[in-house]
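Pasted below: protein20.txt, compact mmCIF, C-alpha atoms and all ligand atoms.
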```
# COMPACT_ATOMS: atom_id res chain seq x y z
CA MET A 1 50.97 52.70 126.41
CA GLN A 2 52.48 52.80 122.95
CA LEU A 3 54.68 50.10 121.45
CA LEU A 4 58.07 51.18 120.13
CA ASP A 5 57.87 49.30 116.86
CA GLY A 6 61.35 48.27 115.80
CA ASN A 7 60.08 46.35 112.79
CA THR A 8 58.45 49.41 111.23
CA LEU A 9 61.36 51.72 112.08
CA SER A 10 64.00 49.34 110.78
CA GLN A 11 61.98 48.96 107.57
CA GLN A 12 61.99 52.76 107.20
CA ILE A 13 65.76 52.87 107.67
CA LYS A 14 66.29 50.01 105.21
CA ASP A 15 64.11 51.82 102.65
CA GLU A 16 66.17 54.99 103.12
CA LEU A 17 69.37 52.99 102.59
CA ARG A 18 67.87 51.26 99.56
CA ASP A 19 67.08 54.63 97.97
CA GLN A 20 70.61 55.82 98.69
CA THR A 21 72.08 52.63 97.21
CA THR A 22 69.95 52.98 94.08
CA ARG A 23 71.28 56.51 93.57
CA ILE A 24 74.86 55.31 94.05
CA VAL A 25 74.49 52.51 91.53
CA GLU A 26 72.67 54.77 89.06
CA SER A 27 75.59 57.17 89.21
CA GLY A 28 77.81 54.37 87.95
CA ARG A 29 79.51 53.50 91.23
CA ARG A 30 79.59 50.08 92.87
CA ALA A 31 77.20 49.24 95.71
CA PRO A 32 78.41 49.09 99.33
CA HIS A 33 79.74 45.66 100.33
CA LEU A 34 79.35 44.07 103.78
CA VAL A 35 81.17 40.88 104.75
CA ALA A 36 80.16 38.71 107.71
CA VAL A 37 82.57 36.20 109.20
CA LEU A 38 80.86 33.32 111.00
CA VAL A 39 82.93 30.88 113.02
CA GLY A 40 81.35 27.52 113.90
CA ASN A 41 77.59 26.95 113.83
CA ASP A 42 76.03 28.50 116.92
CA GLY A 43 72.25 28.57 116.31
CA GLY A 44 71.74 32.17 117.38
CA SER A 45 74.70 33.43 115.37
CA GLU A 46 73.48 31.58 112.27
CA THR A 47 70.09 33.30 112.57
CA TYR A 48 71.51 36.79 113.15
CA VAL A 49 73.98 36.52 110.27
CA ALA A 50 71.27 35.19 107.95
CA HIS A 51 69.10 38.24 108.80
CA LYS A 52 72.02 40.59 108.11
CA ILE A 53 72.80 39.00 104.73
CA LYS A 54 69.12 38.98 103.74
CA ALA A 55 68.78 42.68 104.58
CA CYS A 56 71.80 43.46 102.38
CA GLY A 57 69.97 41.85 99.48
CA TYR A 58 66.89 43.98 100.12
CA ILE A 59 68.87 47.22 100.20
CA GLY A 60 70.99 46.36 97.19
CA TYR A 61 74.28 45.97 99.02
CA ARG A 62 76.72 43.33 97.97
CA SER A 63 77.25 40.85 100.80
CA THR A 64 79.59 37.95 101.43
CA LEU A 65 79.38 35.31 104.14
CA ILE A 66 82.70 33.76 105.13
CA ARG A 67 82.36 30.58 107.15
CA LYS A 68 85.13 29.13 109.27
CA GLU A 69 85.04 25.83 111.13
CA SER A 70 84.91 26.07 114.92
CA ASP A 71 88.46 24.65 115.11
CA VAL A 72 89.91 27.50 113.00
CA THR A 73 93.09 28.81 114.61
CA GLU A 74 93.34 32.37 115.84
CA ALA A 75 96.24 32.95 113.42
CA GLU A 76 94.11 31.81 110.48
CA LEU A 77 91.26 34.08 111.51
CA LEU A 78 93.62 37.03 111.96
CA ALA A 79 95.07 36.39 108.49
CA ARG A 80 91.56 36.46 106.99
CA ILE A 81 90.86 39.74 108.80
CA ALA A 82 94.09 41.21 107.41
CA SER A 83 93.00 40.33 103.89
CA LEU A 84 89.57 41.92 104.46
CA ASN A 85 91.27 45.04 105.82
CA ALA A 86 93.32 45.28 102.64
CA ASP A 87 90.49 44.56 100.21
CA ASP A 88 89.27 47.80 98.56
CA GLU A 89 86.06 46.06 97.49
CA VAL A 90 85.06 45.47 101.13
CA ASP A 91 83.61 48.52 102.89
CA GLY A 92 82.81 46.94 106.21
CA PHE A 93 82.89 43.58 107.93
CA ILE A 94 81.83 41.94 111.14
CA VAL A 95 83.04 38.89 112.99
CA GLN A 96 79.95 37.42 114.61
CA LEU A 97 80.28 36.83 118.35
CA PRO A 98 80.59 34.70 120.41
CA LEU A 99 83.81 33.08 119.18
CA PRO A 100 85.04 29.63 120.26
CA LYS A 101 86.87 29.69 123.59
CA HIS A 102 90.34 29.04 122.11
CA ILE A 103 90.18 32.34 120.21
CA ASP A 104 90.93 35.61 122.00
CA GLU A 105 88.01 37.86 121.12
CA ARG A 106 89.98 40.99 121.93
CA ASN A 107 92.79 40.12 119.51
CA VAL A 108 90.23 39.56 116.80
CA LEU A 109 88.23 42.74 117.35
CA GLU A 110 91.38 44.85 117.61
CA ALA A 111 92.68 43.45 114.32
CA ILE A 112 89.77 44.99 112.39
CA GLU A 113 90.64 48.22 110.61
CA PRO A 114 88.57 50.86 112.51
CA HIS A 115 87.15 52.38 109.30
CA LYS A 116 85.74 48.97 108.36
CA ASP A 117 84.57 48.09 111.87
CA VAL A 118 80.84 48.41 111.20
CA ASP A 119 80.05 46.78 114.57
CA GLY A 120 81.77 49.73 116.26
CA PHE A 121 83.63 47.38 118.65
CA HIS A 122 87.23 48.53 118.01
CA PRO A 123 88.79 50.60 120.83
CA VAL A 124 89.38 53.47 118.39
CA ASN A 125 85.67 53.61 117.57
CA PHE A 126 84.71 53.19 121.22
CA GLY A 127 87.08 56.00 122.19
CA ASN A 128 85.86 58.35 119.46
CA MET A 129 82.26 57.52 120.37
CA ALA A 130 82.95 58.41 124.01
CA LEU A 131 84.69 61.65 123.00
CA GLY A 132 81.88 62.66 120.64
CA ASN A 133 84.16 62.46 117.60
CA ARG A 134 83.10 60.89 114.33
CA ALA A 135 82.95 57.12 114.85
CA LEU A 136 81.20 53.98 113.73
CA LEU A 137 78.78 53.46 116.63
CA PRO A 138 77.97 50.05 118.13
CA ALA A 139 74.75 48.97 116.47
CA THR A 140 72.53 48.05 119.41
CA PRO A 141 73.13 51.21 121.49
CA ALA A 142 72.88 53.33 118.33
CA GLY A 143 69.62 51.55 117.52
CA VAL A 144 68.19 52.44 120.94
CA VAL A 145 69.07 56.12 120.51
CA GLU A 146 67.72 56.10 116.94
CA MET A 147 64.47 54.65 118.25
CA LEU A 148 64.14 57.40 120.88
CA ALA A 149 64.92 60.00 118.20
CA ARG A 150 62.41 58.70 115.65
CA TYR A 151 59.65 58.58 118.30
CA ASP A 152 60.79 62.03 119.46
CA ILE A 153 61.28 60.86 123.04
CA GLU A 154 63.30 63.65 124.62
CA THR A 155 66.25 62.70 126.85
CA LYS A 156 67.09 66.20 128.13
CA GLY A 157 66.03 66.57 131.76
CA LYS A 158 65.28 62.84 132.01
CA HIS A 159 66.78 60.26 134.32
CA CYS A 160 67.79 57.23 132.33
CA VAL A 161 68.69 54.05 134.20
CA VAL A 162 70.62 51.46 132.19
CA ILE A 163 70.84 47.99 133.69
CA GLY A 164 73.79 45.99 132.37
CA ARG A 165 77.34 47.18 131.63
CA SER A 166 78.33 44.93 128.73
CA ARG A 167 80.95 46.31 126.36
CA ILE A 168 78.61 46.10 123.40
CA VAL A 169 75.36 47.41 124.91
CA GLY A 170 75.05 48.86 128.42
CA ARG A 171 78.38 50.62 128.74
CA PRO A 172 78.37 52.36 125.33
CA LEU A 173 74.65 53.15 125.65
CA SER A 174 75.22 54.90 128.98
CA ILE A 175 77.78 57.11 127.19
CA LEU A 176 75.63 57.81 124.10
CA LEU A 177 72.71 58.89 126.27
CA SER A 178 74.82 61.31 128.29
CA ARG A 179 77.54 62.61 125.93
CA GLY A 180 75.51 65.60 124.77
CA GLY A 181 73.82 66.47 121.50
CA ALA A 182 70.47 65.33 120.15
CA PHE A 183 68.93 62.62 122.34
CA GLY A 184 72.14 62.49 124.38
CA ASP A 185 71.29 64.80 127.26
CA ALA A 186 69.91 62.32 129.77
CA THR A 187 71.17 62.04 133.33
CA VAL A 188 72.33 58.44 133.35
CA THR A 189 72.69 55.85 136.08
CA LEU A 190 74.42 52.59 135.14
CA CYS A 191 73.52 49.53 137.22
CA HIS A 192 75.19 46.15 136.88
CA SER A 193 75.66 42.71 138.37
CA ARG A 194 77.37 44.12 141.47
CA THR A 195 74.67 46.70 142.19
CA PRO A 196 72.91 45.62 145.41
CA ASP A 197 69.42 44.41 144.66
CA ALA A 198 67.64 46.95 146.87
CA LEU A 199 69.61 49.81 145.28
CA LEU A 200 68.86 48.53 141.78
CA ARG A 201 65.16 48.39 142.54
CA SER A 202 65.04 51.87 144.02
CA LEU A 203 67.01 53.35 141.09
CA ALA A 204 64.89 51.55 138.50
CA LEU A 205 61.78 53.04 140.13
CA GLN A 206 63.21 56.54 139.62
CA ALA A 207 63.84 56.03 135.91
CA ASP A 208 62.04 58.11 133.30
CA ILE A 209 63.70 55.89 130.71
CA LEU A 210 64.57 52.37 131.87
CA VAL A 211 66.84 50.22 129.70
CA ALA A 212 67.26 46.54 130.53
CA ALA A 213 70.31 44.92 128.93
CA VAL A 214 71.02 41.99 131.20
CA GLY A 215 70.06 38.88 129.24
CA ARG A 216 67.93 37.36 132.01
CA PRO A 217 64.15 37.05 131.51
CA GLY A 218 62.06 38.38 134.38
CA THR A 219 64.70 40.89 135.57
CA ILE A 220 62.30 43.86 135.39
CA THR A 221 59.05 43.38 137.26
CA ALA A 222 56.12 45.78 137.56
CA ASP A 223 57.15 46.97 141.03
CA MET A 224 60.40 48.35 139.54
CA VAL A 225 58.77 50.65 136.98
CA LYS A 226 57.56 54.21 137.55
CA PRO A 227 54.14 54.85 136.00
CA GLY A 228 54.59 56.65 132.68
CA ALA A 229 58.20 55.49 132.19
CA VAL A 230 59.68 54.56 128.82
CA VAL A 231 60.93 50.95 128.95
CA ILE A 232 63.50 49.63 126.48
CA ASP A 233 64.13 45.88 126.58
CA VAL A 234 67.41 44.79 124.99
CA GLY A 235 67.24 41.21 126.27
CA THR A 236 67.08 38.36 123.76
CA THR A 237 67.15 35.05 125.59
CA ARG A 238 66.03 31.86 123.88
CA VAL A 239 63.71 29.93 126.19
CA PRO A 240 62.35 26.46 125.45
CA ALA A 241 58.84 26.59 123.95
CA PRO A 242 57.53 23.17 122.97
CA ASP A 243 54.56 24.75 121.12
CA ALA A 244 56.81 26.86 118.87
CA LYS A 245 57.96 25.41 115.54
CA SER A 246 61.62 26.08 116.38
CA GLY A 247 61.20 24.69 119.91
CA TRP A 248 62.21 28.03 121.46
CA ARG A 249 60.95 31.58 121.83
CA LEU A 250 62.76 34.89 122.41
CA ARG A 251 62.21 36.52 125.79
CA GLY A 252 63.33 39.96 126.85
CA ASP A 253 64.47 41.03 130.33
CA VAL A 254 61.16 42.71 131.09
CA ASP A 255 58.05 41.00 132.45
CA PHE A 256 56.17 42.53 129.50
CA ASP A 257 52.55 41.65 130.35
CA ALA A 258 52.75 43.15 133.84
CA VAL A 259 54.98 46.12 132.99
CA ALA A 260 53.51 47.32 129.67
CA PRO A 261 50.26 48.80 131.08
CA LEU A 262 52.33 51.07 133.39
CA THR A 263 54.49 52.57 130.68
CA SER A 264 54.18 55.44 128.21
CA TYR A 265 56.26 53.53 125.64
CA ILE A 266 57.72 50.04 125.66
CA THR A 267 59.65 47.86 123.19
CA PRO A 268 58.30 44.37 122.49
CA VAL A 269 60.59 41.32 122.23
CA PRO A 270 60.85 40.30 119.48
CA GLY A 271 60.22 43.29 117.19
CA GLY A 272 61.76 46.04 119.32
CA VAL A 273 65.48 46.69 119.64
CA GLY A 274 66.55 43.58 117.67
CA PRO A 275 65.55 44.82 114.21
CA MET A 276 67.09 48.23 115.03
CA THR A 277 70.46 46.57 115.60
CA ILE A 278 70.45 45.18 112.07
CA ALA A 279 69.28 48.50 110.61
CA MET A 280 72.13 50.36 112.32
CA LEU A 281 74.71 47.84 111.12
CA LEU A 282 73.49 48.50 107.58
CA LYS A 283 73.61 52.25 108.21
CA ASN A 284 77.20 51.92 109.46
CA THR A 285 78.04 50.04 106.27
CA MET A 286 76.80 53.01 104.22
CA THR A 287 78.83 55.37 106.43
CA ALA A 288 81.96 53.24 105.96
CA TYR A 289 81.33 53.12 102.20
CA GLN A 290 80.95 56.88 101.95
CA PHE A 291 84.11 57.36 103.97
CA ALA A 292 86.12 55.11 101.66
CA ASN A 293 84.42 56.30 98.44
CA PRO A 294 83.65 60.01 98.74
CA ALA A 295 81.21 61.15 96.05
N1 LIG A 301 76.75 38.87 118.80
C1 LIG A 301 75.70 39.40 119.47
N2 LIG A 301 75.48 40.66 119.04
C2 LIG A 301 76.40 40.92 118.10
C3 LIG A 301 76.67 42.05 117.29
O1 LIG A 301 76.03 43.11 117.35
N3 LIG A 301 77.72 41.91 116.42
C4 LIG A 301 78.45 40.79 116.33
N4 LIG A 301 79.47 40.76 115.48
N5 LIG A 301 78.23 39.72 117.09
C5 LIG A 301 77.20 39.79 117.95
```

Take the structure in the file and give it back as structure tokens.
Amino acid sequence: MQLLDGNTLSQQIKDELRDQTTRIVESGRRAPHLVAVLVGNDGGSETYVAHKIKACGYIGYRSTLIRKESDVTEAELLARIASLNADDEVDGFIVQLPLPKHIDERNVLEAIEPHKDVDGFHPVNFGNMALGNRALLPATPAGVVEMLARYDIETKGKHCVVIGRSRIVGRPLSILLSRGGAFGDATVTLCHSRTPDALLRSLALQADILVAAVGRPGTITADMVKPGAVVIDVGTTRVPAPDAKSGWRLRGDVDFDAVAPLTSYITPVPGGVGPMTIAMLLKNTMTAYQFANPA
């Protein structure tokens, strides 16, 4: 069993982006600029956004955090997005999810100019991703594929079972893994909340590459994993942990201790897919910058 080390890989990617940024700035051009919009003060969102902003500092990107109170109106938020769309000094921006219930997430995500949509959530980016056209790719699925690529884990001829059909992870990942091209030639089965339990178990057992993106700890047990499989755990659930300083601990979807010995490769949680998500967001920001500011 080998760990798929997202911390080391994401550090490599950040170092590559830092070198690129240094060259840009040395050539007299401005650095890429990422803006994060954070509505309210959800604990998880605060942590994720703080990591994103910190990573910008490391790479040499400019970054801006825009905070809005949780009672911000949808119209106000849409007006702020319009101003970010129009701002030539902003290469990419994200609106951290989840949003308060009174705000229609779809209206917000669709208001983002696709070329600045570094989360890759806009329907234009999703559509181009699915068609294999140039697109800003959603960061978590792109991070999973990047991880397979950097560990040279072939997808051609493999059966990949993705569990979870969310719009930001499972569904786009099932497309990326099967749309053709490098590390996109898997035969993919997508399971979800309406897949009968017995069917899910039998499909999971057939997986050469098993991806769990459900958000429920303990979903993948040892009896669901084929010996030698590659297991990718996208789950990040906060569970109470009185002994931890924060009072909680991150748990993936996979019963790691029981499953890991069976696998050829497995991602830990934390330190697996999570850091890759941030690295790919930063990579998308460079892509958006280069698109808007051709050398
Ligand atoms: N909330 C959970 N994951 C994400 C993400 O990748 N991007 C944004 N904007 N919000 C999230």

Contact table chain A vs ligand LIG 301 (chain A), cut-off 9 Å, shortest pair per residue, all atoms listed in the file, as JSON lines:
```
{"residue": "A:Ala36", "atom": "CA", "partner": "A:LIG301", "partner_atom": "N4", "distance": 8.1}
{"residue": "A:Val37", "atom": "CA", "partner": "A:LIG301", "partner_atom": "N4", "distance": 8.4}
{"residue": "A:Leu38", "atom": "CA", "partner": "A:LIG301", "partner_atom": "N4", "distance": 8.8}
{"residue": "A:Gly44", "atom": "CA", "partner": "A:LIG301", "partner_atom": "N1", "distance": 8.5}
{"residue": "A:Ser45", "atom": "CA", "partner": "A:LIG301", "partner_atom": "N1", "distance": 6.7}
{"residue": "A:Tyr48", "atom": "CA", "partner": "A:LIG301", "partner_atom": "N1", "distance": 8.0}
{"residue": "A:Val49", "atom": "CA", "partner": "A:LIG301", "partner_atom": "N5", "distance": 8.6}
{"residue": "A:Phe93", "atom": "CA", "partner": "A:LIG301", "partner_atom": "N4", "distance": 8.8}
{"residue": "A:Ile94", "atom": "CA", "partner": "A:LIG301", "partner_atom": "N4", "distance": 5.1}
{"residue": "A:Val95", "atom": "CA", "partner": "A:LIG301", "partner_atom": "N4", "distance": 4.7}
{"residue": "A:Gln96", "atom": "CA", "partner": "A:LIG301", "partner_atom": "N4", "distance": 3.5}
{"residue": "A:Leu97", "atom": "CA", "partner": "A:LIG301", "partner_atom": "N5", "distance": 3.8}
{"residue": "A:Pro98", "atom": "CA", "partner": "A:LIG301", "partner_atom": "N1", "distance": 5.9}
{"residue": "A:Leu99", "atom": "CA", "partner": "A:LIG301", "partner_atom": "N5", "distance": 8.9}
{"residue": "A:Val118", "atom": "CA", "partner": "A:LIG301", "partner_atom": "N4", "distance": 8.9}
{"residue": "A:Asp119", "atom": "CA", "partner": "A:LIG301", "partner_atom": "N3", "distance": 5.7}
{"residue": "A:Gly120", "atom": "CA", "partner": "A:LIG301", "partner_atom": "N3", "distance": 8.8}
{"residue": "A:Phe121", "atom": "CA", "partner": "A:LIG301", "partner_atom": "N3", "distance": 8.4}
{"residue": "A:Pro138", "atom": "CA", "partner": "A:LIG301", "partner_atom": "O1", "distance": 7.2}
{"residue": "A:Ala139", "atom": "CA", "partner": "A:LIG301", "partner_atom": "O1", "distance": 6.1}
{"residue": "A:Thr140", "atom": "CA", "partner": "A:LIG301", "partner_atom": "O1", "distance": 6.4}
{"residue": "A:Ile168", "atom": "CA", "partner": "A:LIG301", "partner_atom": "O1", "distance": 7.2}
{"residue": "A:Val169", "atom": "CA", "partner": "A:LIG301", "partner_atom": "O1", "distance": 8.7}
{"residue": "A:Thr277", "atom": "CA", "partner": "A:LIG301", "partner_atom": "O1", "distance": 6.8}
{"residue": "A:Ile278", "atom": "CA", "partner": "A:LIG301", "partner_atom": "O1", "distance": 8.0}
{"residue": "A:Leu281", "atom": "CA", "partner": "A:LIG301", "partner_atom": "O1", "distance": 7.9}
```

Create the file for the chosen residues now, containing C-alpha atoms and written as a compact mmCIF listing (two decimals), in the coordinates of the input.
```
# COMPACT_ATOMS: atom_id res chain seq x y z
CA ALA A 36 80.16 38.71 107.71
CA VAL A 37 82.57 36.20 109.20
CA LEU A 38 80.86 33.32 111.00
CA GLY A 44 71.74 32.17 117.38
CA SER A 45 74.70 33.43 115.37
CA TYR A 48 71.51 36.79 113.15
CA VAL A 49 73.98 36.52 110.27
CA PHE A 93 82.89 43.58 107.93
CA ILE A 94 81.83 41.94 111.14
CA VAL A 95 83.04 38.89 112.99
CA GLN A 96 79.95 37.42 114.61
CA LEU A 97 80.28 36.83 118.35
CA PRO A 98 80.59 34.70 120.41
CA LEU A 99 83.81 33.08 119.18
CA VAL A 118 80.84 48.41 111.20
CA ASP A 119 80.05 46.78 114.57
CA GLY A 120 81.77 49.73 116.26
CA PHE A 121 83.63 47.38 118.65
CA PRO A 138 77.97 50.05 118.13
CA ALA A 139 74.75 48.97 116.47
CA THR A 140 72.53 48.05 119.41
CA ILE A 168 78.61 46.10 123.40
CA VAL A 169 75.36 47.41 124.91
CA THR A 277 70.46 46.57 115.60
CA ILE A 278 70.45 45.18 112.07
CA LEU A 281 74.71 47.84 111.12
```

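Excluding Lys156 of chain A itself and same-chain residues fewer than 6 positions from it, the residues having an atom within 10 Å of it are Leu177, Ser178, Gly180, Gly181, Ala182, Phe183, Gly184, Asp185, Ala186 and Thr187 of chain A, counting all atoms listed in the file.
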
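Compared by their closest atoms to Gln290 of chain A, and using all atoms listed in the file, the residues A:Val214, A:Ala31, A:Ala142, A:Ile13 rank with A:Ala31 nearest.
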
I'd like the interatomic distance between atom CA of Ile103 of chain A and atom CA of Leu34 of chain A, to a tenth of an Å.
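Atom CA of Ile103 of chain A sits 22.9 Å away from atom CA of Leu34 of chain A.
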
Nearest to Glu89 of chain A, chosen from A:Lys116, A:Trp248, A:Met276, A:Val144, with all atoms listed in the file counted in the distances:
A:Lys116

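Using only C-alpha atoms, the smallest distance between any of A:Asp104, A:Glu74, A:Asp117, A:Asp19 and Asp91 of chain A comes from A:Asp117.
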
With 5 Å on each side, where is the centre of the axis-aligned box around all listed atoms of segment 202-210 of chain A, and how long are its edges in Å to one decimal, as JSON?
```
{"center_x": 64.4, "center_y": 54.8, "center_z": 137.4, "size_x": 15.2, "size_y": 16.6, "size_z": 23.3}
```

Out of A:Val161, A:Ser246, A:Leu176, A:Thr221, which residue has the shortest atom-to-atom distance to Ala207 of chain A when counting all atoms listed in the file?
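When distances to Ala207 of chain A are compared using all atoms listed in the file, the smallest one comes from A:Val161.
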
Please fill the gaps in segment 157-169 of chain A so it has N, CA, C and O atoms, and write that as a PDB file, in the frame of the given file.
```
ATOM      1  N   GLY A 157      66.814  66.428 130.524  1.00  0.00           N
ATOM      2  CA  GLY A 157      66.030  66.570 131.760  1.00  0.00           C
ATOM      3  C   GLY A 157      65.497  65.248 132.299  1.00  0.00           C
ATOM      4  O   GLY A 157      64.842  65.216 133.330  1.00  0.00           O
ATOM      5  N   LYS A 158      65.804  64.149 131.581  1.00  0.00           N
ATOM      6  CA  LYS A 158      65.280  62.840 132.010  1.00  0.00           C
ATOM      7  C   LYS A 158      66.355  62.038 132.749  1.00  0.00           C
ATOM      8  O   LYS A 158      67.547  62.175 132.468  1.00  0.00           O
ATOM      9  N   HIS A 159      65.890  61.207 133.646  1.00  0.00           N
ATOM     10  CA  HIS A 159      66.780  60.260 134.320  1.00  0.00           C
ATOM     11  C   HIS A 159      66.671  58.920 133.606  1.00  0.00           C
ATOM     12  O   HIS A 159      65.592  58.318 133.551  1.00  0.00           O
ATOM     13  N   CYS A 160      67.773  58.499 133.038  1.00  0.00           N
ATOM     14  CA  CYS A 160      67.790  57.230 132.330  1.00  0.00           C
ATOM     15  C   CYS A 160      68.593  56.220 133.140  1.00  0.00           C
ATOM     16  O   CYS A 160      69.748  56.480 133.489  1.00  0.00           O
ATOM     17  N   VAL A 161      67.986  55.101 133.455  1.00  0.00           N
ATOM     18  CA  VAL A 161      68.690  54.050 134.200  1.00  0.00           C
ATOM     19  C   VAL A 161      68.927  52.887 133.242  1.00  0.00           C
ATOM     20  O   VAL A 161      67.986  52.333 132.659  1.00  0.00           O
ATOM     21  N   VAL A 162      70.218  52.575 133.055  1.00  0.00           N
ATOM     22  CA  VAL A 162      70.620  51.460 132.190  1.00  0.00           C
ATOM     23  C   VAL A 162      71.033  50.316 133.092  1.00  0.00           C
ATOM     24  O   VAL A 162      71.866  50.501 133.989  1.00  0.00           O
ATOM     25  N   ILE A 163      70.468  49.153 132.881  1.00  0.00           N
ATOM     26  CA  ILE A 163      70.840  47.990 133.690  1.00  0.00           C
ATOM     27  C   ILE A 163      71.626  47.029 132.811  1.00  0.00           C
ATOM     28  O   ILE A 163      71.102  46.513 131.820  1.00  0.00           O
ATOM     29  N   GLY A 164      72.888  46.838 133.167  1.00  0.00           N
ATOM     30  CA  GLY A 164      73.790  45.990 132.370  1.00  0.00           C
ATOM     31  C   GLY A 164      74.937  46.844 131.834  1.00  0.00           C
ATOM     32  O   GLY A 164      74.707  47.899 131.256  1.00  0.00           O
ATOM     33  N   ARG A 165      76.172  46.384 132.038  1.00  0.00           N
ATOM     34  CA  ARG A 165      77.340  47.180 131.630  1.00  0.00           C
ATOM     35  C   ARG A 165      78.191  46.480 130.584  1.00  0.00           C
ATOM     36  O   ARG A 165      79.405  46.659 130.523  1.00  0.00           O
ATOM     37  N   SER A 166      77.554  45.655 129.738  1.00  0.00           N
ATOM     38  CA  SER A 166      78.330  44.930 128.730  1.00  0.00           C
ATOM     39  C   SER A 166      79.040  45.913 127.814  1.00  0.00           C
ATOM     40  O   SER A 166      78.582  47.047 127.619  1.00  0.00           O
ATOM     41  N   ARG A 167      80.150  45.431 127.228  1.00  0.00           N
ATOM     42  CA  ARG A 167      80.950  46.310 126.360  1.00  0.00           C
ATOM     43  C   ARG A 167      80.233  46.647 125.075  1.00  0.00           C
ATOM     44  O   ARG A 167      80.560  47.633 124.426  1.00  0.00           O
ATOM     45  N   ILE A 168      79.255  45.808 124.684  1.00  0.00           N
ATOM     46  CA  ILE A 168      78.610  46.100 123.400  1.00  0.00           C
ATOM     47  C   ILE A 168      77.235  46.750 123.553  1.00  0.00           C
ATOM     48  O   ILE A 168      76.706  47.263 122.586  1.00  0.00           O
ATOM     49  N   VAL A 169      76.667  46.757 124.761  1.00  0.00           N
ATOM     50  CA  VAL A 169      75.360  47.410 124.910  1.00  0.00           C
ATOM     51  C   VAL A 169      75.350  48.433 126.058  1.00  0.00           C
ATOM     52  O   VAL A 169      75.355  49.642 125.831  1.00  0.00           O
TER      53      VAL A 169
END
```
